[in-house]
Structures are given as C-alpha cells and as structure tokens.
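K.L.:
Sharing a structure, written as structure tokens. Questions coming.
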Amino acid sequence: MTGLSFDVSHLLAGALVLVSFMLLYQTRLFALLNVFALQAVVLSLSVAWQAYVQDAVHLYITAAIAFAFKAIIIPVALHRIIARLGIHRDVENVVGIGPTMLAGLALVALSVVVMLRVASEADALAREDLAFALSVVLLGMLMMVVRRNAVSMVVGFMSLENGLILAAAGAKGMPLVVEIAVAFSVLVALIVIGVFLFRISERFDTVDARALDQFQGERL
Amino acid sequence: MIDLAVNLVFQLLQMLLVVGLAPLLTGLVRKAKARLLRRKGPPLLQPYRDLARLARKEAVVAEGASWLFRVVPYVVLAATWVAAALIPTFATGLLFSWSADLIAIIALLGAARFFLALAGLDVGTSFGGLGASREAMFATLAEPAMIVIVFSLALIAGSTQLSTVAAFMASSAVGLRVTLGMALIALIIVAVAENGRIPVDNPATHLELTMVHEAMILEYSGRHLAVIELASMLKLLLYVSLIVCVFAPWGLAIADAGVVDRLIGAGVYVVKLGVAGLMLATFETSIAKMRVFRVPDFLGAALMLGFLGALLLFVSRTLK
C-alpha cells in the first residue's frame, strides 16, 4: 500500500462522509436530491479507485452501476415524484440542525472507535473503508430518524445503502453477483417506495410521517 | 548583530506593511464589488481618505459613556495590529516569529472582540447592546470552530507556531489530505463570519435589522471611529493573510532566506492579497445575506467540518 493510493482513497471515503453530513444539513428537497446524486458520484469514484488499486475488474462494473442507478436514475425519479406530489417546500427536522450535526459527529466517532478496534486484523485500507462505511450507514439511519418527510427518509435509506457498497468495495472478494443483486434490489425498493409515497399522499394528503402517528393503535 | 538588525528591520517592515495594505485591500474589495454590480465604485484609495478625514474630525462621545469607551478603540487596534503583524505574510523567521502562535493570535482577536462588545454595552443605547449580544452569539460558535481548525493544523504540522506550520505547508511533506480541505472551508466560513462579510453581515449597510458589527460602533465618531475602522480593515487583512500563509504558502520566504527572497515574497504576497480580495468580492456578490438566526447553522457547519477533519486525521494517524 503506497502513500498516494492510501491518501486518495482516504480523501474519497472522507468526502463520502462529508457528503453524508451535507445531506443532514440540507433542508430543501431538490437540493437534497442534488447532494444525494453528488454522494453517488463520489461513491462511484471511490469504488473505481478501489478497483484500480486492487486490480479488480468487477469493481469497475460496481462503480458504473452505482453511477448509473444512484447518480442518475434514482435522483431523476425522486425529482419527478416530488414534482408530481407538489412538495418543493422545506424539509422539517424534528431536531434542529445543530443537535443533528452533533449526533452525526458522535456517530462518526463511535464507528471510528469501534471499527479500529474490531477490525484490527485487516489491512489499513480495508479498516479505514469499513470505519467510514459504518459512519455513512449510521448517518443514513440518523437521517431517517430525524426527518419527517417521507421523501427525505427515502434519501436517508438510499445513502445508507451507499455506505454498504463502500464497505463491500473495501473488503476484498465480494462477488459481482451479490453486488448486482443488491443494486437491483435497491431499484425495486425505489419502485415500491414510489408507489408507497403516492399511496400515502393520496390517503393522508401529505407525506409527513407524523400523519401516520395517530394510526399506530393503542398506546400503552 | 547585523542579522539581528536586518531581522528587526524586516519585522518593522512587516508591521508597517500590514497596516499600510489593510485599507487598500478593503478598497479593492469595495471597488471589485461595485464593478461586478456595474457601478463605478469609489476609487481604490478611498478608504485612506476616509480614515484621514475621520481622524481630523472632532470626536463626539455619548453622555453616559465611561473612560472605557474612549480607551477601547486603541485597545482593539493594538490587539488586532499585533495579531496581524505576527502572521508570516512574506517571510517566516522574523524577529517575533517565535511568538506567532495560532492560539495567541486567536486570544488577541478574542480580546479585541471582548473590548468592542464591552464598548457597545457601555454607552447604554439599545443598538450597542443588540450588536454586542449578536457578536457574542457568533463568537461562541466561531471561536471553538477556529480552535478546532487550529488543532487539526497543529496535528498535521506538529506545531501551533505559525512559522513552523507555514514552512511545513510549503514543503512537499504535506501530501493529499482531506483534513486540509475541510480546515480550509471551515476557516473561510469563520473568516467570513468574523469579518461580517455578506452571508453573515453586510459591511456596507446601516440597516438596523441586519447589522452586527456596525451596531456596536454606532456611537463612535471622529478619530475613535477611524481607529476602529482601521482595526476592522486590519482584521480582514489578518484573516486573508492567515488563509494565504497556511493554505497557499508559495513564494513565502522561509527562515534564513536572503533579503532578495524576502522582497520577492513581499511582491508575491501583495499579488495573493489582490487575488483573495477579488475572490471575496465575487463570493459576496454571488450570495444573499442570510437571516441572523441561520448564522449559527452556518458557523455550526464550520465547527462540524473542523471536528470531522480532526476525526479523519485521527483515523489516518492510527492506521499508518
């Protein structure tokens, strides 16, 4: 592992975490989708760099799939859904941006500490990728927790999946079949979610998840 | 002995250079902004004329003002000037470079801000208090962000001393680091907020709802105002020099360089200041001012970037 290849992959993986924070920070839906597309671009760059470093051809295919699906198809589809639903207004956060950011930082610190301890056997690059991938996953979950708008929850879910791909690219020996299957399952998930979004907005006249709260049955 | 004398001369030159160039930088930014808006704009040297005119005018002091009110402008100017003179603008290894510690510079700026806020409260008008409280609110976020940035830089360069940091950044040992990029963005955000440039505060307006810095100094006039204006121009120059010397140290004369190298360094420094001024003007023209209550988010982003950069640094340190 030479210094430069480590530095570049460090840069790209760090940029991925940074873009996750930008997702958390972004409060407008269209801007959110643009940032999400940016994250996919960074992800595919990162995976392509891994392919170059590890000399693994199938990772180039993963990078291409990530770029095509996540940087183009999914953002465009979500764009159209938002336009159709007519909700280009602000995203509301349950918690303010400041506490969200702090929580995100705590999650990143947590995943770094955990991964550096747990994966102490693996080589430096894989460990680092795992640490950053876990932070991206946790940040995606955080995004799903703090947002009320169903569309931004979907974006959180998709960015969570970006973290999984990063982890898979860092660990050597992930077969291509699995990656293609994951990519298509995400696409299927998008279709299901799209249908679901329209159903929610039809039924409740909103995609605000708070509207679902009153249907959760008996409270203890 | 000769060495000492030469170093002393250059240190003095540096002190005069920063204070001499500060109004020019402000003038350049104003002119560039005006040109971008297709106005003609004031001449480049207008800030010097403004300062000279203000210095000649009678100073009117509010009735309820105490001695503090008269002293504060000079305290603020002194602290800012010392901080600006410590930054290696064209050469490292000057006579006082050993004291050019980043934390010392932050402390000097903090002291200046503290006294300015006190003066704003001292006169007892509502505007002064309003400006002071807003300034304090921004400072509580900007200063930690600055400290975190300094920590990241110190972790990379192995020192908080600015000369050492600049020398390290100019060498090829730096490599490609994501932390540096984050620190740069965070430092720019802090600099924009600290100088009251556009997304945070509008330096050109006296509109009561938006102003922060202007509200604090509303009661000042005459030579007091001139001194305060000069101090805020110096502060702008200070931040620009800080960013330039840490993130673009090319052409900087490293310690023990000859006289010619230092003169070249001075020329390069002026060019870099000009470029930075034009970039600032472009940035300010292309963006709208944000609400006061959005500013904590903006500064919080700087704080978060600083923390994230330090975390990433920690990761790559433990792995290598």
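Letters for chains follow the order of the structure tokens (A, B, ...), residue numbers begin at 1 for each chain, and ligand numbers begin at 1 in the order shown.
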Excluding B:Val227 and residues on its chain fewer than 6 positions from it, collect all residues at most 7 Å away from it, counting only C-alpha atoms, and give them as a ChimeraX atom specification.
P.N.:
/B:73-74,77
K.L.:
Can those selected residues be exported to a file as an mmCIF file, in the first residue's frame so that it contains N, CA, C and O atoms?
P.N.:
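Dumped to again.cif:
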data_model
loop_
_atom_site.group_PDB
_atom_site.id
_atom_site.type_symbol
_atom_site.label_atom_id
_atom_site.label_comp_id
_atom_site.auth_asym_id
_atom_site.auth_seq_id
_atom_site.Cartn_x
_atom_site.Cartn_y
_atom_site.Cartn_z
ATOM 1 N N PRO B 73 -11.145 51.803 21.457
ATOM 2 C CA PRO B 73 -10.638 51.780 20.077
ATOM 3 C C PRO B 73 -9.156 51.474 20.004
ATOM 4 O O PRO B 73 -8.733 50.673 19.163
ATOM 5 N N TYR B 74 -8.388 52.077 20.905
ATOM 6 C CA TYR B 74 -6.943 51.863 20.841
ATOM 7 C C TYR B 74 -6.583 50.444 21.256
ATOM 8 O O TYR B 74 -5.691 49.836 20.671
ATOM 9 N N LEU B 77 -7.419 48.257 18.288
ATOM 10 C CA LEU B 77 -6.444 48.400 17.208
ATOM 11 C C LEU B 77 -5.133 47.726 17.591
ATOM 12 O O LEU B 77 -4.535 47.017 16.782
#
K.L.:
May I have the residues of chain A within 8 Å of chain B, counting only C-alpha atoms, written as a list in words?
P.N.:
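Result, ordered by chain then number: Leu4, Asp7, Val8, His10, Leu11, Gly14, Ala15, Leu18, Ile97, Gly98, Met101, Leu102, Leu105, Ala109, Val112, Ala124 and Glu128 of chain A.
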K.L.:
Could you pull the residues within 7 Å of A:Ser20, counting only C-alpha atoms, minus those fewer than 4 positions along the same chain, as a list in words?
P.N.:
Leu16, Leu24, Val136 and Leu139 of chain A
K.L.:
Could you write those residues out with N, CA, C and O atoms, as an mmCIF file, in the first residue's frame?
P.N.:
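Final file, out.cif:
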data_model
loop_
_atom_site.group_PDB
_atom_site.id
_atom_site.type_symbol
_atom_site.label_atom_id
_atom_site.label_comp_id
_atom_site.auth_asym_id
_atom_site.auth_seq_id
_atom_site.Cartn_x
_atom_site.Cartn_y
_atom_site.Cartn_z
ATOM 1 N N LEU A 16 -17.016 11.116 1.164
ATOM 2 C CA LEU A 16 -18.318 10.451 1.238
ATOM 3 C C LEU A 16 -19.000 10.755 2.587
ATOM 4 O O LEU A 16 -20.194 11.073 2.633
ATOM 5 N N LEU A 24 -27.482 15.696 5.765
ATOM 6 C CA LEU A 24 -28.151 16.023 7.024
ATOM 7 C C LEU A 24 -28.435 17.520 7.124
ATOM 8 O O LEU A 24 -29.431 17.941 7.695
ATOM 9 N N VAL A 136 -21.171 6.174 7.312
ATOM 10 C CA VAL A 136 -22.184 6.560 6.315
ATOM 11 C C VAL A 136 -23.503 5.840 6.603
ATOM 12 O O VAL A 136 -24.580 6.442 6.542
ATOM 13 N N LEU A 139 -25.101 7.460 9.594
ATOM 14 C CA LEU A 139 -25.632 8.781 9.255
ATOM 15 C C LEU A 139 -26.916 8.650 8.445
ATOM 16 O O LEU A 139 -27.854 9.454 8.618
#
K.L.:
Near stretch 175-181 of chain A, within 9 Å and counting only C-alpha atoms, which residues show up once chain neighbours fewer than 3 positions away are dropped, as a PDB file with N, CA and C atoms, in the first residue's frame?
P.N.:
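result-v4.pdb, freshly written:
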ATOM      1  N   HIS A  58     -14.126  -6.374 -11.683  1.00  0.00           N
ATOM      2  CA  HIS A  58     -15.571  -6.357 -11.435  1.00  0.00           C
ATOM      3  C   HIS A  58     -15.991  -5.139 -10.612  1.00  0.00           C
ATOM      4  N   LEU A  59     -15.020  -4.540  -9.895  1.00  0.00           N
ATOM      5  CA  LEU A  59     -15.387  -3.346  -9.128  1.00  0.00           C
ATOM      6  C   LEU A  59     -15.692  -2.163 -10.048  1.00  0.00           C
ATOM      7  N   ILE A  61     -17.383  -2.443 -12.689  1.00  0.00           N
ATOM      8  CA  ILE A  61     -18.812  -2.620 -13.001  1.00  0.00           C
ATOM      9  C   ILE A  61     -19.662  -2.099 -11.851  1.00  0.00           C
ATOM     10  N   THR A  62     -19.224  -2.405 -10.615  1.00  0.00           N
ATOM     11  CA  THR A  62     -19.957  -1.885  -9.456  1.00  0.00           C
ATOM     12  C   THR A  62     -20.018  -0.367  -9.497  1.00  0.00           C
ATOM     13  N   ILE A  65     -22.445   0.741 -12.091  1.00  0.00           N
ATOM     14  CA  ILE A  65     -23.831   0.542 -11.639  1.00  0.00           C
ATOM     15  C   ILE A  65     -24.209   1.619 -10.633  1.00  0.00           C
ATOM     16  N   ILE A 165     -22.210  -0.255   0.009  1.00  0.00           N
ATOM     17  CA  ILE A 165     -21.398  -0.504  -1.184  1.00  0.00           C
ATOM     18  C   ILE A 165     -19.944  -0.151  -0.919  1.00  0.00           C
ATOM     19  N   ALA A 168     -18.432  -2.909   0.916  1.00  0.00           N
ATOM     20  CA  ALA A 168     -18.224  -4.073   0.062  1.00  0.00           C
ATOM     21  C   ALA A 168     -17.021  -3.870  -0.842  1.00  0.00           C
ATOM     22  N   PHE A 184     -30.001  -4.091  -7.903  1.00  0.00           N
ATOM     23  CA  PHE A 184     -31.350  -4.209  -8.434  1.00  0.00           C
ATOM     24  C   PHE A 184     -32.404  -4.191  -7.333  1.00  0.00           C
ATOM     25  N   SER A 185     -32.013  -4.753  -6.165  1.00  0.00           N
ATOM     26  CA  SER A 185     -32.989  -4.720  -5.074  1.00  0.00           C
ATOM     27  C   SER A 185     -33.254  -3.278  -4.646  1.00  0.00           C
ATOM     28  N   VAL A 186     -32.205  -2.438  -4.744  1.00  0.00           N
ATOM     29  CA  VAL A 186     -32.431  -1.026  -4.434  1.00  0.00           C
ATOM     30  C   VAL A 186     -33.400  -0.401  -5.422  1.00  0.00           C
TER      31      VAL A 186
END
K.L.:
Pick the closest to B:Leu162 from B:Pro43, B:Gly267, B:Gly93, B:Gly27: which is it, counting only C-alpha atoms?
P.N.:
B:Gly93
K.L.:
Within 9 Å of stretch 42-53 of chain A, which residues of stretch 80-182 of chain A show up? Give each one with its shortest atom-to-atom distance in Å (one decimal) and the two atoms involved, counting only C-alpha atoms, rows by chain then rising residue number, as CSV.
P.N.:
residue,atom,partner,partner_atom,distance
A:Asn162,CA,A:Leu43,CA,7.0
A:Gly163,CA,A:Leu43,CA,8.6
A:Ile165,CA,A:Leu43,CA,8.2
A:Leu166,CA,A:Val47,CA,6.9
A:Ala169,CA,A:Val47,CA,6.0
A:Gly170,CA,A:Gln50,CA,7.0
K.L.:
Have a look at B:Thr89, B:Thr160, B:Val192, B:Leu237 and name the one nearest to B:Ala253; count only C-alpha atoms.
P.N.:
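Looking at the shortest contact to B:Ala253, the residue is B:Thr89.
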K.L.:
Identify all residues of stretch 126-289 of chain B in helix (DSSP H, G or I) (DSSP on the backbone) and supply them as a ChimeraX atom specification.
P.N.:
/B:126-157,162-170,178-194,213-216,222-247,259-285
K.L.:
Tell me which protein, DNA and RNA residues are within 12 Å of B:Thr80, counting only C-alpha atoms, leaving out same-chain ones fewer than 2 positions away, and put them as a short mmCIF file (atom, residue, chain, number, x, y, z; two decimals) with N, CA and C atoms, in the first residue's frame.
P.N.:
data_model
loop_
_atom_site.label_atom_id
_atom_site.label_comp_id
_atom_site.auth_asym_id
_atom_site.auth_seq_id
_atom_site.Cartn_x
_atom_site.Cartn_y
_atom_site.Cartn_z
N MET B 15 5.22 45.02 10.08
CA MET B 15 4.18 45.73 10.84
C MET B 15 3.61 46.87 10.03
N VAL B 18 1.41 45.51 6.94
CA VAL B 18 0.03 45.08 7.17
C VAL B 18 -0.88 46.28 7.37
N VAL B 19 -0.41 47.24 8.14
CA VAL B 19 -1.30 48.36 8.40
C VAL B 19 -1.43 49.26 7.18
N ALA B 22 -3.89 47.27 4.62
CA ALA B 22 -5.25 46.90 5.04
C ALA B 22 -6.32 47.77 4.37
N PRO B 73 -11.14 51.80 21.46
CA PRO B 73 -10.64 51.78 20.08
C PRO B 73 -9.16 51.47 20.00
N TYR B 74 -8.39 52.08 20.91
CA TYR B 74 -6.94 51.86 20.84
C TYR B 74 -6.58 50.44 21.26
N VAL B 75 -7.30 49.93 22.26
CA VAL B 75 -7.05 48.54 22.67
C VAL B 75 -7.33 47.59 21.51
N VAL B 76 -8.47 47.83 20.86
CA VAL B 76 -8.85 46.96 19.75
C VAL B 76 -7.82 47.03 18.64
N LEU B 77 -7.42 48.26 18.29
CA LEU B 77 -6.44 48.40 17.21
C LEU B 77 -5.13 47.73 17.59
N ALA B 78 -4.70 47.94 18.84
CA ALA B 78 -3.41 47.38 19.26
C ALA B 78 -3.44 45.86 19.17
N VAL B 82 -1.14 43.80 16.49
CA VAL B 82 -0.13 42.84 16.93
C VAL B 82 -0.41 41.47 16.30
N ALA B 83 -1.69 41.06 16.34
CA ALA B 83 -2.03 39.75 15.77
C ALA B 83 -1.70 39.72 14.29
N ALA B 84 -2.02 40.81 13.57
CA ALA B 84 -1.77 40.82 12.12
C ALA B 84 -0.28 40.84 11.84
N ALA B 85 0.49 41.52 12.70
CA ALA B 85 1.93 41.61 12.45
C ALA B 85 2.63 40.30 12.75
N LEU B 86 2.00 39.44 13.54
CA LEU B 86 2.63 38.17 13.88
C LEU B 86 2.53 37.15 12.76
N ILE B 87 1.52 37.32 11.90
CA ILE B 87 1.32 36.33 10.83
C ILE B 87 2.42 36.47 9.80
N ALA B 104 -2.25 32.16 20.37
CA ALA B 104 -2.05 33.54 20.82
C ALA B 104 -2.81 34.51 19.92
N ILE B 105 -2.79 34.22 18.61
CA ILE B 105 -3.49 35.11 17.69
C ILE B 105 -4.99 35.07 17.95
N ILE B 106 -5.51 33.87 18.18
CA ILE B 106 -6.95 33.76 18.49
C ILE B 106 -7.26 34.52 19.77
N ALA B 107 -6.36 34.40 20.76
CA ALA B 107 -6.61 35.08 22.02
C ALA B 107 -6.59 36.59 21.84
N LEU B 108 -5.67 37.09 21.02
CA LEU B 108 -5.61 38.54 20.77
C LEU B 108 -6.90 39.01 20.12
N LEU B 109 -7.37 38.25 19.12
CA LEU B 109 -8.61 38.64 18.45
C LEU B 109 -9.78 38.56 19.41
N GLY B 110 -9.76 37.53 20.26
CA GLY B 110 -10.84 37.40 21.24
C GLY B 110 -10.86 38.58 22.19
N ALA B 111 -9.66 39.03 22.60
CA ALA B 111 -9.59 40.19 23.49
C ALA B 111 -10.15 41.42 22.80
N ALA B 112 -9.79 41.59 21.52
CA ALA B 112 -10.29 42.75 20.78
C ALA B 112 -11.81 42.70 20.72
N ARG B 113 -12.35 41.53 20.45
CA ARG B 113 -13.80 41.41 20.34
C ARG B 113 -14.47 41.69 21.69
N PHE B 115 -13.44 43.61 24.12
CA PHE B 115 -13.47 45.04 24.45
C PHE B 115 -14.47 45.79 23.58
N LEU B 116 -14.56 45.38 22.32
CA LEU B 116 -15.50 46.05 21.44
C LEU B 116 -16.94 45.83 21.92
N VAL B 227 -10.00 54.84 14.13
CA VAL B 227 -9.16 53.77 14.69
C VAL B 227 -9.90 52.43 14.59
N ILE B 228 -11.20 52.45 14.91
CA ILE B 228 -11.96 51.19 14.86
C ILE B 228 -12.09 50.68 13.43
N GLU B 229 -12.32 51.61 12.50
CA GLU B 229 -12.42 51.19 11.10
C GLU B 229 -11.11 50.56 10.64
N LEU B 230 -10.01 51.21 11.04
CA LEU B 230 -8.71 50.68 10.66
C LEU B 230 -8.52 49.28 11.25
N ALA B 231 -8.97 49.12 12.50
CA ALA B 231 -8.83 47.81 13.14
C ALA B 231 -9.63 46.75 12.39
N SER B 232 -10.83 47.12 11.92
CA SER B 232 -11.62 46.08 11.24
C SER B 232 -11.04 45.79 9.86
N MET B 233 -10.44 46.81 9.21
CA MET B 233 -9.75 46.54 7.94
C MET B 233 -8.56 45.61 8.17
N LEU B 234 -7.85 45.87 9.27
CA LEU B 234 -6.71 45.02 9.62
C LEU B 234 -7.16 43.59 9.86
N LYS B 235 -8.33 43.45 10.47
CA LYS B 235 -8.82 42.12 10.77
C LYS B 235 -9.08 41.34 9.49
N LEU B 236 -9.65 42.04 8.50
CA LEU B 236 -9.88 41.39 7.21
C LEU B 236 -8.55 40.93 6.61
N LEU B 237 -7.58 41.84 6.64
CA LEU B 237 -6.26 41.51 6.09
C LEU B 237 -5.65 40.34 6.85
N LEU B 238 -5.86 40.35 8.16
CA LEU B 238 -5.31 39.29 9.02
C LEU B 238 -5.84 37.93 8.60
N TYR B 239 -7.16 37.85 8.43
CA TYR B 239 -7.73 36.55 8.07
C TYR B 239 -7.29 36.11 6.69
#
K.L.:
Quick one: residues within 7 Å of stretch 46-53 of chain B, only C-alpha atoms counted, chain neighbours fewer than 2 positions away excluded, as a list in words?
P.N.:
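Listed by chain and then number, they are Pro23, Gly27, Pro42, Pro43, Leu44, Ala55, Arg56, Lys57 and Ala226 of chain B.
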K.L.:
For B:Glu58, which of B:Val292, B:Ala215, B:Leu225, B:Ala302 is the closest residue, counting only C-alpha atoms?
P.N.:
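Smallest separation from B:Glu58 among the options: B:Leu225.
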K.L.:
Extract, using only C-alpha atoms, all DNA, RNA and protein residues at most 8 Å from A:Val19, discarding same-chain residues fewer than 2 positions from it, and format them as a PyMOL selection string.
P.N.:
chain A and resi 15-17+21-23+35-36+38-39
K.L.:
Kindly save the residues from that selection, with N, CA, C and O atoms included, as a PDB file, in the first residue's frame.
P.N.:
ATOM      1  N   ALA A  15     -14.598  12.196   1.842  1.00  0.00           N
ATOM      2  CA  ALA A  15     -15.546  13.043   1.130  1.00  0.00           C
ATOM      3  C   ALA A  15     -16.946  12.442   1.191  1.00  0.00           C
ATOM      4  O   ALA A  15     -17.943  13.161   1.300  1.00  0.00           O
ATOM      5  N   LEU A  16     -17.016  11.116   1.164  1.00  0.00           N
ATOM      6  CA  LEU A  16     -18.318  10.451   1.238  1.00  0.00           C
ATOM      7  C   LEU A  16     -19.000  10.755   2.587  1.00  0.00           C
ATOM      8  O   LEU A  16     -20.194  11.073   2.633  1.00  0.00           O
ATOM      9  N   VAL A  17     -18.211  10.678   3.657  1.00  0.00           N
ATOM     10  CA  VAL A  17     -18.769  11.002   4.975  1.00  0.00           C
ATOM     11  C   VAL A  17     -19.202  12.464   5.008  1.00  0.00           C
ATOM     12  O   VAL A  17     -20.281  12.808   5.518  1.00  0.00           O
ATOM     13  N   PHE A  21     -22.907  14.306   5.722  1.00  0.00           N
ATOM     14  CA  PHE A  21     -23.240  15.430   6.600  1.00  0.00           C
ATOM     15  C   PHE A  21     -23.980  16.513   5.832  1.00  0.00           C
ATOM     16  O   PHE A  21     -24.887  17.158   6.365  1.00  0.00           O
ATOM     17  N   MET A  22     -23.575  16.716   4.561  1.00  0.00           N
ATOM     18  CA  MET A  22     -24.279  17.721   3.757  1.00  0.00           C
ATOM     19  C   MET A  22     -25.743  17.316   3.587  1.00  0.00           C
ATOM     20  O   MET A  22     -26.630  18.171   3.575  1.00  0.00           O
ATOM     21  N   LEU A  23     -25.988  16.006   3.450  1.00  0.00           N
ATOM     22  CA  LEU A  23     -27.372  15.527   3.356  1.00  0.00           C
ATOM     23  C   LEU A  23     -28.142  15.894   4.615  1.00  0.00           C
ATOM     24  O   LEU A  23     -29.288  16.349   4.555  1.00  0.00           O
ATOM     25  N   VAL A  35     -27.572  16.747  -3.669  1.00  0.00           N
ATOM     26  CA  VAL A  35     -26.483  16.289  -2.810  1.00  0.00           C
ATOM     27  C   VAL A  35     -26.405  14.769  -2.831  1.00  0.00           C
ATOM     28  O   VAL A  35     -25.327  14.184  -2.842  1.00  0.00           O
ATOM     29  N   PHE A  36     -27.581  14.141  -2.893  1.00  0.00           N
ATOM     30  CA  PHE A  36     -27.606  12.677  -2.944  1.00  0.00           C
ATOM     31  C   PHE A  36     -26.922  12.168  -4.218  1.00  0.00           C
ATOM     32  O   PHE A  36     -26.127  11.224  -4.175  1.00  0.00           O
ATOM     33  N   LEU A  38     -24.650  13.766  -5.805  1.00  0.00           N
ATOM     34  CA  LEU A  38     -23.222  14.027  -5.598  1.00  0.00           C
ATOM     35  C   LEU A  38     -22.585  12.893  -4.810  1.00  0.00           C
ATOM     36  O   LEU A  38     -21.487  12.419  -5.127  1.00  0.00           O
ATOM     37  N   GLN A  39     -23.326  12.421  -3.796  1.00  0.00           N
ATOM     38  CA  GLN A  39     -22.786  11.332  -2.986  1.00  0.00           C
ATOM     39  C   GLN A  39     -22.570  10.084  -3.849  1.00  0.00           C
ATOM     40  O   GLN A  39     -21.547   9.397  -3.709  1.00  0.00           O
TER      41      GLN A  39
END
K.L.:
Could you tell me how far atom CA of A:Thr100 lies from atom CA of B:Pro144, in Å and to one decimal?
P.N.:
17.9 Å
K.L.:
If I take atom CA of B:Leu37 and atom CA of B:Thr282, how far is one from the other in Å, to one decimal?
P.N.:
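The value is 10.1 Å.
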K.L.:
Return the single residue from B:Leu118, B:Val295, B:Val246, B:Leu278 that is closest to B:Ala32, with distances computed using only C-alpha atoms.
P.N.:
B:Leu278
K.L.:
Can you tell me how far atom CA of A:Leu12 sits from atom CA of A:Arg80, in Å to one decimal?
P.N.:
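A separation of 29.5 Å between them.
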